[in-house]
Every structure is written in C-alpha cells, then in structure tokens.
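Here is the structure we will look at.
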Amino acid sequence: TPPGYSDYYLPLSFKLYDNEGKFVKDLLPDAPFAMVDSVFPGALTNADLVNKISSVLKEKGYDKEKCLVATSLCCDEVNRPLESDLSAMYDTNFNMGGLAGFPFGGATSFGAMAAHIPDGGSCLVVYGPHVGVDSTGAAGTVERRGRANGGSCCGSAVAASGYVAGVLGGDDKATVPDDALDAQQYFVGSMLMPYAQRLEDAKEKMVELPYALYDAQSELMGRIVEKSGAAVADGTTAVLGGIQINTPPGYSDYYLPLSFKLYDNSGKEVEDLMW
C-alpha cells in the first residue's frame with residue numbers, strides 16, 4: 001500500500017505437516033459466510049460466540065477447569081463443530097439433545113450431568129434448533145460434504161412442519177407411539193403443533209421455523225431446569241438458547257443467541273446474562 005499505510009496479506013492456506021512431510025491438519029479458520037446476516041441478523045460465528053460466552057461467564061466467577069458444558073443440539077453431524085468449539089474451551093460436553101435439538105434427555109439427563117460437574121464448579125447449557133443457509137442464501141437447506149446435492153436442514157424440523165401444516169389443514173393427529181422406534185419425531189411434531197398457524201402465516205416458513213422450535217424448546221428446557229436445577233450442588237447454571245445456523249463446507253457455522261440466563265442451585269432464575 002502507499003507509504004504511511006499498513007500492508008496486508010490475504011491468507012489462502014495454512015497447513016500443518018509432521019516431520020515426515022505428511023499433511024496433518026488445516027489451520028486456516030473457516031471463512032465467514034456473509035449471507036447469514038441477511039437471513040438471521042445478529043448471528044455470531046462459532047468462534048465469536050465462544051469468546052462472548054467465556055467473557056460473560058468469567059465475570060460471573062466461572063472457572064474453566066470446573067465448568068461442565070451440556071449441549072442440546074440436533075444429532076445431525078453438521079452440528080458437531082459447535083460442540084467441538086465449546087469443548088476446546090470447557091472440556092468435553094455432556095449431550096442432552098436429540099432430533100431437532102430438543103432436550104430429549106429430559107430431567108434425568110440434567111440430573112446426571114449435574115452429578116458430573118467438578119467439585120465447586122458450575123455448568124453451562126447450550127441448546128437450540130438448527131437451520132441451514134445454502135450458498136444461494138436459501139434457508140432450510142445446505143450443501144453437505146461429498147454430496148452433489150444438498151438437502152433439508154433440519155430434516156426433522158422440516159418433516160414436523162409438514163406434519164403440523166397437514167393437521168392444521170384437517171389431517172388426523174398422530175397417535176402417541178407405544179414404542180421408541182420413532183418416538184422422538186412424534187414429539188417434535190407434537191411440540192411444534194401449537195405454532196402451526198404462526199408457521200402458516202409466516203412470510204418465509206423456513207426462516208420462521210427455527211424460531212418456533214426455539215420457543216418450544218425453551219419451554220421444555222425451562223421445565224427441566226426448574227425440576228432438576230437443585231442437582232447442581234453448590235454452583236450455578238448458565239443457560240444459553242438460540243438458533244444454530246449451518247453453512248456450506250469451508251465456511252464458519254453461526255449461532256443466533258436469543259436468551260442467556262443464570263439460575264441458582266434451586267432452579268430459580270437470578271440474572272439475565274444477554275450481552
């Protein structure tokens with residue numbers, strides 16, 4: 001650049017090799033995906049989210065060595081990078097989630113997680129549905145590694161939205177399953193049912209769908225913390241809820257934080273932590 005200005009460098013590759021010249025790891029961070037902000041304003045890259053969480057919890061006295069992370073994210077493999085990023089900060093996560101991100105582990109899983117918190121420590125719970133944003137900016141779908149064509153993202157959520165639209169239009173409701181074969185999908189549809197008209201009225205159903213799922217999951221997560229919060233012996237529980245956003249390969253995933261609350265060890269909300 002001209003004299004008096006800083007020069008720049010555009011990194012295009014950053015690779016780690018072992019002492020035999022064998023490629024080990026790509027060290028270049030995933031690039032931001034600009035289209036996310038136009039669809040889900042306020043979303044943060046995974047890296048920015050983890051830094052925000054760490055900063056807020058540090059002010060509240062959280063010790064990284066004594067904090068256990070519990071996640072409730074969909075079992076889709078595209079959601080594992082956020083868990084890896086959280087684990088890099090707070091060690092391996094406890095998993096409460098199932099289809100569409102609902103905390104199907106329930107009160108029992110929360111109680112089990114609480115029993116694993118290091119002595120004198122606290123826990124961080126991160127939950128939410130996920131949604132894809134593909135290379136064209138369309139919501140509800142995303143390109144996937146090694147596949148010529150993308151697909152629904154979240155598939156469980158899209159299927160549930162079709163189910164509740166059908167019931168709203170006069171189809172019969174599904175019956176409560178009598179075995180576990182596909183019980184989770186039944187409950188995804190059942191818990192989405194109160195939002196059927198809201199989805200039908202939405203200008204962009206695939207954009208509104210994760211917000212509706214977030215509301216449904218927040219209601220369930222609130223009941224879980226209320227019932228089992230006392231299992232956190234002498235610490236607190238920080239609960240972050242939002243929408244996880246998956247992007248095409250090579251780009252950073254995002255997370256849209258919608259709530260961040262601190263609970264005492266009786267399951268009572270004591271502070272709003274949203275920045």
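Each chain in the structure tokens gets a letter, A, B and so on, in the order shown; residues start at 1 in every chain, and ligands are counted from 1 in the order they appear.
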
Original post:
Could you pull out all residues of stretch 169-227 of chain A with a DSSP call of helix (DSSP H, G or I) and give them as a PyMOL selection string?
Top reply: chain A and resi 183-201+205-227

Original post:
Which polymer residues have any atom within 9 Å of an atom of stretch 41-58 of chain A, counting only C-alpha atoms, with same-chain residues fewer than 4 positions away left out, as an MDAnalysis selection string?
Top reply: chainID A and resid 32:33 36:37 62:64 81:82 85:86 89 124 238 240 243:245 252:257 273:275

Subject >> Nearest to A:Ser161, chosen from A:Ala180, A:Cys74, A:Ala115, A:Ala100, with only C-alpha atoms counted in the distances >> reply: A:Ala100

**OP:** Would you please extract all strand (DSSP E) residues from stretch 26-249 of chain A, as assigned by DSSP on the backbone, and give them as a count of residues only?
**Re:** 34

Original post:
Separation of atom CA of A:Met193 and atom CA of A:Gly169, in Å?
Top reply: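 That distance, rounded to one decimal, is 12.2 Å.
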
Original post:
For A:Val125, which of A:Cys75, A:Ala34, A:Ala70, A:Ala231 is the closest residue, counting only C-alpha atoms?
Top reply: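 For A:Val125, the nearest of the given residues is A:Ala70.
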
**OP:** Record the distance separating atom CA of A:Glu83 and atom CA of A:Val131, expressed in Å with one decimal.
**Re:** 16.0 Å

Original post:
By how many Å are atom CA of A:Leu213 and atom CA of A:Pro129 apart?
Top reply: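 Going from atom CA of A:Leu213 over to atom CA of A:Pro129 covers 6.3 Å.
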
Original post:
Any idea what's packed within 12 Å of stretch 151-159 of chain A, counting only C-alpha atoms, ignoring anything in its chain fewer than 5 positions away? Could you give it as a PyMOL selection string?
Top reply: chain A and resi 73-79+98-102+128-134+138-145+164-166+182+184-193+199+205-214+216+243-248

Write the residues of the preceding selection, restricted to C-alpha atoms, as a CSV table (one decimal), in the first residue's frame.
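Done, and the output landed in selection.csv:
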```csv
chain,number,residue,atom,x,y,z
A,73,LEU,CA,-28.3,-29.8,19.7
A,74,CYS,CA,-29.7,-32.0,17.0
A,75,CYS,CA,-28.0,-35.3,16.3
A,76,ASP,CA,-27.2,-34.2,12.7
A,77,GLU,CA,-23.5,-34.4,12.1
A,78,VAL,CA,-23.3,-30.8,10.8
A,79,ASN,CA,-23.9,-29.6,14.4
A,98,GLY,CA,-32.0,-35.4,20.2
A,99,LEU,CA,-33.9,-34.8,16.9
A,100,ALA,CA,-34.2,-31.1,16.0
A,101,GLY,CA,-32.3,-30.1,19.2
A,102,PHE,CA,-35.0,-30.9,21.7
A,128,GLY,CA,-31.4,-24.7,20.2
A,129,PRO,CA,-32.7,-25.9,16.9
A,130,HIS,CA,-30.6,-25.7,13.7
A,131,VAL,CA,-31.2,-24.4,10.2
A,132,GLY,CA,-29.1,-24.5,7.1
A,133,VAL,CA,-28.4,-21.5,4.8
A,134,ASP,CA,-27.1,-22.6,1.5
A,138,ALA,CA,-31.9,-20.0,1.0
A,139,ALA,CA,-32.9,-21.2,4.5
A,140,GLY,CA,-33.9,-24.7,5.4
A,141,THR,CA,-31.3,-26.4,3.2
A,142,VAL,CA,-27.5,-26.7,3.0
A,143,GLU,CA,-24.7,-28.3,0.9
A,144,ARG,CA,-23.2,-31.3,2.6
A,145,ARG,CA,-19.7,-32.7,2.3
A,164,VAL,CA,-48.4,-29.7,11.6
A,165,ALA,CA,-49.4,-28.0,8.4
A,166,GLY,CA,-51.3,-31.1,7.5
A,182,ASP,CA,-39.7,-43.2,16.1
A,184,GLN,CA,-38.7,-38.5,19.1
A,185,GLN,CA,-40.1,-37.4,15.8
A,186,TYR,CA,-43.6,-37.8,17.1
A,187,PHE,CA,-42.8,-35.4,20.0
A,188,VAL,CA,-41.0,-32.9,17.7
A,189,GLY,CA,-44.3,-32.7,15.7
A,190,SER,CA,-46.4,-32.6,18.9
A,191,MET,CA,-44.4,-29.8,20.5
A,192,LEU,CA,-44.4,-27.8,17.2
A,193,MET,CA,-48.2,-28.2,16.9
A,199,LEU,CA,-45.8,-21.0,10.6
A,205,LYS,CA,-41.7,-20.5,6.7
A,206,MET,CA,-38.2,-21.9,6.7
A,207,VAL,CA,-36.9,-18.8,8.4
A,208,GLU,CA,-39.7,-18.8,11.0
A,209,LEU,CA,-39.5,-22.5,11.7
A,210,PRO,CA,-36.3,-22.4,13.9
A,211,TYR,CA,-37.7,-19.5,15.9
A,212,ALA,CA,-40.9,-21.5,16.6
A,213,LEU,CA,-38.8,-24.6,17.5
A,214,TYR,CA,-36.6,-22.4,19.8
A,216,ALA,CA,-41.0,-24.8,22.0
A,243,ILE,CA,-30.6,-20.9,16.8
A,244,GLN,CA,-27.7,-22.8,15.3
A,245,ILE,CA,-27.0,-21.9,11.6
A,246,ASN,CA,-25.2,-24.4,9.3
A,247,THR,CA,-23.4,-23.1,6.3
A,248,PRO,CA,-21.7,-24.6,3.2
```
